[in-house]
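File shown here: target-v6.pdb, holding PDB, C-alpha atoms.
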```pdb
ATOM      1  CA  MET D   9       0.000   0.000   0.000  1.00  0.00           C
ATOM      2  CA  GLU D  10       1.192   3.463  -0.872  1.00  0.00           C
ATOM      3  CA  ARG D  11      -0.147   6.793   0.295  1.00  0.00           C
ATOM      4  CA  GLU D  12      -0.635   9.408  -2.392  1.00  0.00           C
ATOM      5  CA  ILE D  13      -1.031  13.127  -1.658  1.00  0.00           C
ATOM      6  CA  GLU D  14      -1.534  15.142  -4.822  1.00  0.00           C
ATOM      7  CA  VAL D  15      -3.298  17.913  -6.698  1.00  0.00           C
ATOM      8  CA  LYS D  16      -3.852  18.694 -10.352  1.00  0.00           C
ATOM      9  CA  LEU D  17      -2.857  22.023 -11.850  1.00  0.00           C
ATOM     10  CA  LEU D  18      -5.444  23.114 -14.411  1.00  0.00           C
ATOM     11  CA  GLY D  19      -5.453  26.010 -16.842  1.00  0.00           C
ATOM     12  CA  LEU D  20      -1.704  26.634 -16.696  1.00  0.00           C
ATOM     13  CA  ASP D  21       0.817  26.829 -19.509  1.00  0.00           C
ATOM     14  CA  VAL D  22       2.267  23.368 -18.881  1.00  0.00           C
ATOM     15  CA  ASP D  23       5.208  23.946 -21.257  1.00  0.00           C
ATOM     16  CA  GLN D  24       6.192  27.051 -19.290  1.00  0.00           C
ATOM     17  CA  LEU D  25       6.051  25.116 -15.998  1.00  0.00           C
ATOM     18  CA  GLU D  26       8.114  22.294 -17.499  1.00  0.00           C
ATOM     19  CA  GLU D  27      10.774  24.806 -18.633  1.00  0.00           C
ATOM     20  CA  LYS D  28      10.817  26.360 -15.148  1.00  0.00           C
ATOM     21  CA  LEU D  29      11.452  22.940 -13.597  1.00  0.00           C
ATOM     22  CA  LYS D  30      14.248  22.231 -16.093  1.00  0.00           C
ATOM     23  CA  LYS D  31      15.978  25.485 -15.118  1.00  0.00           C
ATOM     24  CA  LEU D  32      15.669  24.561 -11.423  1.00  0.00           C
ATOM     25  CA  GLY D  33      17.538  21.297 -12.019  1.00  0.00           C
ATOM     26  CA  ARG D  34      14.756  18.714 -11.817  1.00  0.00           C
ATOM     27  CA  ASP D  35      15.447  14.999 -12.485  1.00  0.00           C
ATOM     28  CA  PHE D  36      13.684  13.493 -15.508  1.00  0.00           C
ATOM     29  CA  LEU D  37      12.117  10.142 -14.623  1.00  0.00           C
ATOM     30  CA  GLY D  38      10.904   9.253 -18.110  1.00  0.00           C
ATOM     31  CA  ALA D  39       8.067   9.283 -20.576  1.00  0.00           C
ATOM     32  CA  GLU D  40       5.317   6.716 -20.927  1.00  0.00           C
ATOM     33  CA  GLU D  41       2.057   5.958 -22.645  1.00  0.00           C
ATOM     34  CA  GLN D  42      -0.792   4.547 -20.595  1.00  0.00           C
ATOM     35  CA  ARG D  43      -4.095   2.819 -21.121  1.00  0.00           C
ATOM     36  CA  ASN D  44      -6.237   3.265 -18.015  1.00  0.00           C
ATOM     37  CA  ILE D  45      -9.431   1.311 -17.439  1.00  0.00           C
ATOM     38  CA  ASN D  46     -11.495   2.472 -14.464  1.00  0.00           C
ATOM     39  CA  ILE D  47     -13.773  -0.319 -13.281  1.00  0.00           C
ATOM     40  CA  TRP D  48     -17.159  -0.163 -11.511  1.00  0.00           C
ATOM     41  CA  SER D  49     -20.266  -2.250 -11.037  1.00  0.00           C
ATOM     42  CA  THR D  50     -23.834  -1.115 -11.637  1.00  0.00           C
ATOM     43  CA  ARG D  51     -25.050  -4.163  -9.676  1.00  0.00           C
ATOM     44  CA  GLN D  52     -23.079  -3.566  -6.489  1.00  0.00           C
ATOM     45  CA  TYR D  53     -23.366  -0.360  -4.498  1.00  0.00           C
ATOM     46  CA  TRP D  54     -19.946   1.207  -4.218  1.00  0.00           C
ATOM     47  CA  PRO D  55     -19.809   5.003  -3.978  1.00  0.00           C
ATOM     48  CA  GLN D  56     -17.232   6.381  -6.415  1.00  0.00           C
ATOM     49  CA  ASP D  57     -16.130   8.993  -3.887  1.00  0.00           C
ATOM     50  CA  GLN D  58     -14.823   6.188  -1.657  1.00  0.00           C
ATOM     51  CA  GLY D  59     -12.529   4.641  -4.245  1.00  0.00           C
ATOM     52  CA  TYR D  60     -12.313   2.746  -7.477  1.00  0.00           C
ATOM     53  CA  LEU D  61     -10.503  -0.042  -9.297  1.00  0.00           C
ATOM     54  CA  ARG D  62      -8.127   0.635 -12.176  1.00  0.00           C
ATOM     55  CA  LEU D  63      -6.276  -1.558 -14.644  1.00  0.00           C
ATOM     56  CA  ARG D  64      -3.343   0.347 -16.147  1.00  0.00           C
ATOM     57  CA  THR D  65      -1.014  -0.669 -18.963  1.00  0.00           C
ATOM     58  CA  ILE D  66       2.208   1.345 -19.048  1.00  0.00           C
ATOM     59  CA  LYS D  67       4.401   1.405 -22.168  1.00  0.00           C
ATOM     60  CA  THR D  68       7.954   2.776 -21.996  1.00  0.00           C
ATOM     61  CA  ASP D  69      11.165   2.229 -23.944  1.00  0.00           C
ATOM     62  CA  GLN D  70      11.850  -0.676 -21.558  1.00  0.00           C
ATOM     63  CA  GLY D  71       8.615  -2.522 -22.415  1.00  0.00           C
ATOM     64  CA  GLU D  72       5.092  -2.897 -21.097  1.00  0.00           C
ATOM     65  CA  VAL D  73       3.718  -3.579 -17.604  1.00  0.00           C
ATOM     66  CA  HIS D  74       0.185  -4.043 -16.274  1.00  0.00           C
ATOM     67  CA  GLU D  75      -0.932  -2.818 -12.843  1.00  0.00           C
ATOM     68  CA  PHE D  76      -4.206  -3.448 -11.029  1.00  0.00           C
ATOM     69  CA  THR D  77      -4.995  -0.857  -8.351  1.00  0.00           C
ATOM     70  CA  PHE D  78      -7.644  -0.142  -5.765  1.00  0.00           C
ATOM     71  CA  LYS D  79      -7.501   3.588  -5.095  1.00  0.00           C
ATOM     72  CA  LYS D  80      -9.177   4.371  -1.762  1.00  0.00           C
ATOM     73  CA  GLN D  81      -9.980   8.023  -1.136  1.00  0.00           C
ATOM     74  CA  VAL D  82      -9.113   9.343   2.305  1.00  0.00           C
ATOM     75  CA  SER D  83      -9.835  13.029   1.667  1.00  0.00           C
ATOM     76  CA  ASN D  84     -10.119  15.644  -1.053  1.00  0.00           C
ATOM     77  CA  GLN D  85      -9.901  18.682   1.208  1.00  0.00           C
ATOM     78  CA  GLY D  86      -7.117  20.830  -0.252  1.00  0.00           C
ATOM     79  CA  VAL D  87      -5.351  17.748  -1.642  1.00  0.00           C
ATOM     80  CA  ARG D  88      -6.327  14.361  -3.037  1.00  0.00           C
ATOM     81  CA  ASP D  89      -5.267  11.978  -0.278  1.00  0.00           C
ATOM     82  CA  ASN D  90      -5.530   8.323  -1.305  1.00  0.00           C
ATOM     83  CA  TYR D  91      -4.273   4.909  -0.360  1.00  0.00           C
ATOM     84  CA  GLU D  92      -3.224   2.918  -3.414  1.00  0.00           C
ATOM     85  CA  TYR D  93      -3.143  -0.865  -3.284  1.00  0.00           C
ATOM     86  CA  THR D  94      -1.374  -2.040  -6.455  1.00  0.00           C
ATOM     87  CA  THR D  95      -0.220  -5.369  -7.838  1.00  0.00           C
ATOM     88  CA  HIS D  96       1.391  -6.286 -11.141  1.00  0.00           C
ATOM     89  CA  ILE D  97      -0.688  -8.428 -13.493  1.00  0.00           C
ATOM     90  CA  ASP D  98       0.698 -10.865 -16.059  1.00  0.00           C
ATOM     91  CA  ASN D  99      -2.574 -11.450 -17.894  1.00  0.00           C
ATOM     92  CA  PRO D 100      -4.868  -8.384 -18.037  1.00  0.00           C
ATOM     93  CA  GLN D 101      -7.375 -10.143 -20.312  1.00  0.00           C
ATOM     94  CA  ALA D 102      -7.906 -12.901 -17.735  1.00  0.00           C
ATOM     95  CA  LEU D 103      -8.340 -10.283 -14.991  1.00  0.00           C
ATOM     96  CA  MET D 104     -11.007  -8.495 -17.076  1.00  0.00           C
ATOM     97  CA  GLU D 105     -12.885 -11.796 -17.494  1.00  0.00           C
ATOM     98  CA  ILE D 106     -12.723 -12.418 -13.725  1.00  0.00           C
ATOM     99  CA  LEU D 107     -14.064  -8.931 -13.035  1.00  0.00           C
ATOM    100  CA  LYS D 108     -16.933  -9.387 -15.507  1.00  0.00           C
ATOM    101  CA  ALA D 109     -17.787 -12.792 -14.020  1.00  0.00           C
ATOM    102  CA  THR D 110     -17.946 -11.286 -10.514  1.00  0.00           C
ATOM    103  CA  GLY D 111     -20.333  -8.477 -11.384  1.00  0.00           C
ATOM    104  CA  PHE D 112     -18.160  -5.617 -12.590  1.00  0.00           C
ATOM    105  CA  ASP D 113     -19.816  -4.322 -15.728  1.00  0.00           C
ATOM    106  CA  ARG D 114     -18.693  -0.736 -16.281  1.00  0.00           C
ATOM    107  CA  PHE D 115     -15.287  -0.154 -17.880  1.00  0.00           C
ATOM    108  CA  ASP D 116     -14.179   3.380 -18.736  1.00  0.00           C
ATOM    109  CA  THR D 117     -11.025   3.412 -20.897  1.00  0.00           C
ATOM    110  CA  GLY D 118      -8.745   6.388 -21.492  1.00  0.00           C
ATOM    111  CA  TYR D 119      -5.312   6.876 -23.025  1.00  0.00           C
ATOM    112  CA  LYS D 120      -2.665   9.184 -21.630  1.00  0.00           C
ATOM    113  CA  LYS D 121       0.856  10.357 -22.422  1.00  0.00           C
ATOM    114  CA  ARG D 122       2.937  11.269 -19.382  1.00  0.00           C
ATOM    115  CA  ARG D 123       6.326  12.910 -18.745  1.00  0.00           C
ATOM    116  CA  SER D 124       7.529  12.685 -15.141  1.00  0.00           C
ATOM    117  CA  TYR D 125      10.057  14.616 -13.088  1.00  0.00           C
ATOM    118  CA  ILE D 126      11.269  14.793  -9.501  1.00  0.00           C
ATOM    119  CA  TYR D 127      12.179  18.117  -7.959  1.00  0.00           C
ATOM    120  CA  LYS D 128      13.169  18.186  -4.308  1.00  0.00           C
ATOM    121  CA  ASP D 129      10.700  15.748  -2.724  1.00  0.00           C
ATOM    122  CA  CYS D 130       7.842  16.278  -5.196  1.00  0.00           C
ATOM    123  CA  ARG D 131       6.891  14.338  -8.288  1.00  0.00           C
ATOM    124  CA  PHE D 132       5.554  16.223 -11.322  1.00  0.00           C
ATOM    125  CA  ASP D 133       3.535  14.341 -13.937  1.00  0.00           C
ATOM    126  CA  PHE D 134       2.763  16.237 -17.152  1.00  0.00           C
ATOM    127  CA  ASP D 135      -0.331  14.510 -18.532  1.00  0.00           C
ATOM    128  CA  GLN D 136      -2.145  14.684 -21.839  1.00  0.00           C
ATOM    129  CA  TRP D 137      -5.202  12.442 -22.239  1.00  0.00           C
ATOM    130  CA  ASP D 138      -6.867  11.486 -25.486  1.00  0.00           C
ATOM    131  CA  PRO D 139      -9.451  14.108 -26.557  1.00  0.00           C
ATOM    132  CA  GLU D 140     -12.429  11.876 -25.643  1.00  0.00           C
ATOM    133  CA  THR D 141     -11.226  11.501 -22.056  1.00  0.00           C
ATOM    134  CA  TYR D 142      -9.998  15.016 -21.269  1.00  0.00           C
ATOM    135  CA  PRO D 143      -8.821  17.455 -23.943  1.00  0.00           C
ATOM    136  CA  LYS D 144      -6.551  19.739 -21.896  1.00  0.00           C
ATOM    137  CA  ALA D 145      -3.011  19.049 -20.678  1.00  0.00           C
ATOM    138  CA  TYR D 146      -2.444  19.381 -16.944  1.00  0.00           C
ATOM    139  CA  VAL D 147       0.145  18.667 -14.277  1.00  0.00           C
ATOM    140  CA  GLU D 148      -0.194  16.448 -11.222  1.00  0.00           C
ATOM    141  CA  ILE D 149       2.051  17.204  -8.274  1.00  0.00           C
ATOM    142  CA  GLU D 150       2.541  14.520  -5.657  1.00  0.00           C
ATOM    143  CA  ALA D 151       4.318  15.233  -2.363  1.00  0.00           C
ATOM    144  CA  PRO D 152       5.007  13.449   0.927  1.00  0.00           C
ATOM    145  CA  SER D 153       2.629  15.778   2.788  1.00  0.00           C
ATOM    146  CA  ARG D 154       0.080  18.514   2.274  1.00  0.00           C
ATOM    147  CA  GLU D 155       2.539  21.027   3.715  1.00  0.00           C
ATOM    148  CA  ALA D 156       5.350  20.005   1.330  1.00  0.00           C
ATOM    149  CA  LEU D 157       2.955  20.196  -1.607  1.00  0.00           C
ATOM    150  CA  TYR D 158       1.777  23.711  -0.778  1.00  0.00           C
ATOM    151  CA  GLN D 159       5.351  24.863  -0.102  1.00  0.00           C
ATOM    152  CA  MET D 160       6.257  23.694  -3.602  1.00  0.00           C
ATOM    153  CA  LEU D 161       3.247  25.508  -5.077  1.00  0.00           C
ATOM    154  CA  ASP D 162       4.421  28.679  -3.323  1.00  0.00           C
ATOM    155  CA  GLN D 163       8.011  28.234  -4.502  1.00  0.00           C
ATOM    156  CA  LEU D 164       6.849  27.826  -8.117  1.00  0.00           C
ATOM    157  CA  GLU D 165       4.376  30.713  -7.729  1.00  0.00           C
ATOM    158  CA  ILE D 166       1.421  28.576  -8.785  1.00  0.00           C
ATOM    159  CA  PRO D 167      -1.842  30.511  -8.362  1.00  0.00           C
ATOM    160  CA  ARG D 168      -4.320  28.814  -6.025  1.00  0.00           C
ATOM    161  CA  HIS D 169      -7.116  29.034  -8.602  1.00  0.00           C
ATOM    162  CA  ALA D 170      -5.166  26.496 -10.725  1.00  0.00           C
ATOM    163  CA  VAL D 171      -5.146  23.885  -7.926  1.00  0.00           C
ATOM    164  CA  SER D 172      -7.758  21.141  -8.240  1.00  0.00           C
ATOM    165  CA  THR D 173      -8.652  18.036  -6.269  1.00  0.00           C
ATOM    166  CA  LEU D 174     -11.001  16.700  -8.961  1.00  0.00           C
ATOM    167  CA  SER D 175     -10.454  13.175 -10.255  1.00  0.00           C
ATOM    168  CA  ILE D 176     -10.129  12.476 -13.964  1.00  0.00           C
ATOM    169  CA  ALA D 177     -13.660  11.011 -13.901  1.00  0.00           C
ATOM    170  CA  GLN D 178     -14.958  14.282 -12.420  1.00  0.00           C
ATOM    171  CA  LEU D 179     -13.028  16.385 -14.953  1.00  0.00           C
ATOM    172  CA  LYS D 180     -14.342  14.219 -17.767  1.00  0.00           C
ATOM    173  CA  SER D 181     -17.931  14.701 -16.624  1.00  0.00           C
ATOM    174  CA  LEU D 182     -17.474  18.493 -16.469  1.00  0.00           C
ATOM    175  CA  VAL D 183     -16.199  18.612 -20.073  1.00  0.00           C
ATOM    176  CA  LYS D 184     -19.145  16.527 -21.319  1.00  0.00           C
ATOM    177  CA  LYS D 185     -21.738  18.912 -19.826  1.00  0.00           C
TER     178      LYS D 185
END
```
For the structure just supplied, provide its representation as structure tokens.
Amino acid sequence: MEREIEVKLLGLDVDQLEEKLKKLGRDFLGAEEQRNINIWSTRQYWPQDQGYLRLRTIKTDQGEVHEFTFKKQVSNQGVRDNYEYTTHIDNPQALMEILKATGFDRFDTGYKKRRSYIYKDCRFDFDQWDPETYPKAYVEIEAPSREALYQMLDQLEIPRHAVSTLSIAQLKSLVKK
């Protein structure tokens, strides 16, 4: 289990922020392409604000991996605070069949390109989803604590109106309205 404390930065010039991080001496972690399948059941009551299941395929220059995650929401007050329970999967097709056989019947697929950096103790993910999922590029910042995250926002002079705790599912629903 891993604890994740993060926010999304919306409506910013992501290229400008990336250049600022480069000048500050950030460490480049790599680039990847992802297929994310969020999984729910219409037959079992499970409030989406309490957590969700995700099957993610990650493609990099080193190959392809599959991760199955339960993302449990702790809070979304000022930051997205989640516990992530993740395991690697050898056969994602078999997992999908198991999920369908046990009552999971809603699968929401999206594709994302990501560039990731570390600066000080914060991780920066520059994300661009496919246009059907979410058409605007944004940045996720993950930190070891709420305080460290907001200190980094202050250091980078990120305006508070750009900070969001919305999930990608929530952002997607806002765009479709």
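On the file presented, the PyMOL selection byres ((chain D and resi 135-148) around 7) picks out D:Glu14, D:Val15, D:Lys16, D:Leu17, D:Leu18, D:Val22, D:Gly118, D:Tyr119, D:Lys120, D:Lys121, D:Arg122, D:Arg123, D:Phe132, D:Asp133, D:Phe134, D:Ile149, D:Glu150, D:Lys180.
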task: Translate the PyMOL selection byres ((chain D and resi 111-116) around 10), as applied to the file shown, into an explicit residue set as a PyMOL selection string.
output: chain D and resi 44-52+61-63+104-110+117-118+141+177
Explicit residues for the PyMOL selection byres ((chain D and resi 72-81) around 12) (as an MDAnalysis selection string): chainID D and resid 9:14 40:48 54:71 82:85 87:101 103:104 107 173:175
message: Between atom CA of D:Ile126 and atom CA of D:Phe36, what distance in Å does the model show, to one decimal?
response: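 According to the coordinates, atom CA of D:Ile126 and atom CA of D:Phe36 are separated by 6.6 Å.
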statement: Separating atom CA of D:Leu29 from atom CA of D:Val183, to the nearest tenth of an Å, is a gap of 28.7 Å
query: Which polymer residues have any atom within 8 Å of an atom of D:Tyr127, counting all atoms listed in the file, with same-chain residues fewer than 3 positions away left out, as a ChimeraX atom specification?
result: /D:29,33-35,130-132
- prompt: Hey, can you check how far atom CA of D:Lys30 sits from atom CA of D:Lys128?
  reply: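 Here the two named atoms are 12.5 Å from each other.
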query: Which of these residues is nearest to D:Glu26, using only C-alpha atoms: D:Gly38, D:Leu157, D:Ser124, D:Val171?
result: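 Using only C-alpha atoms, the shortest distance to D:Glu26 belongs to D:Ser124.
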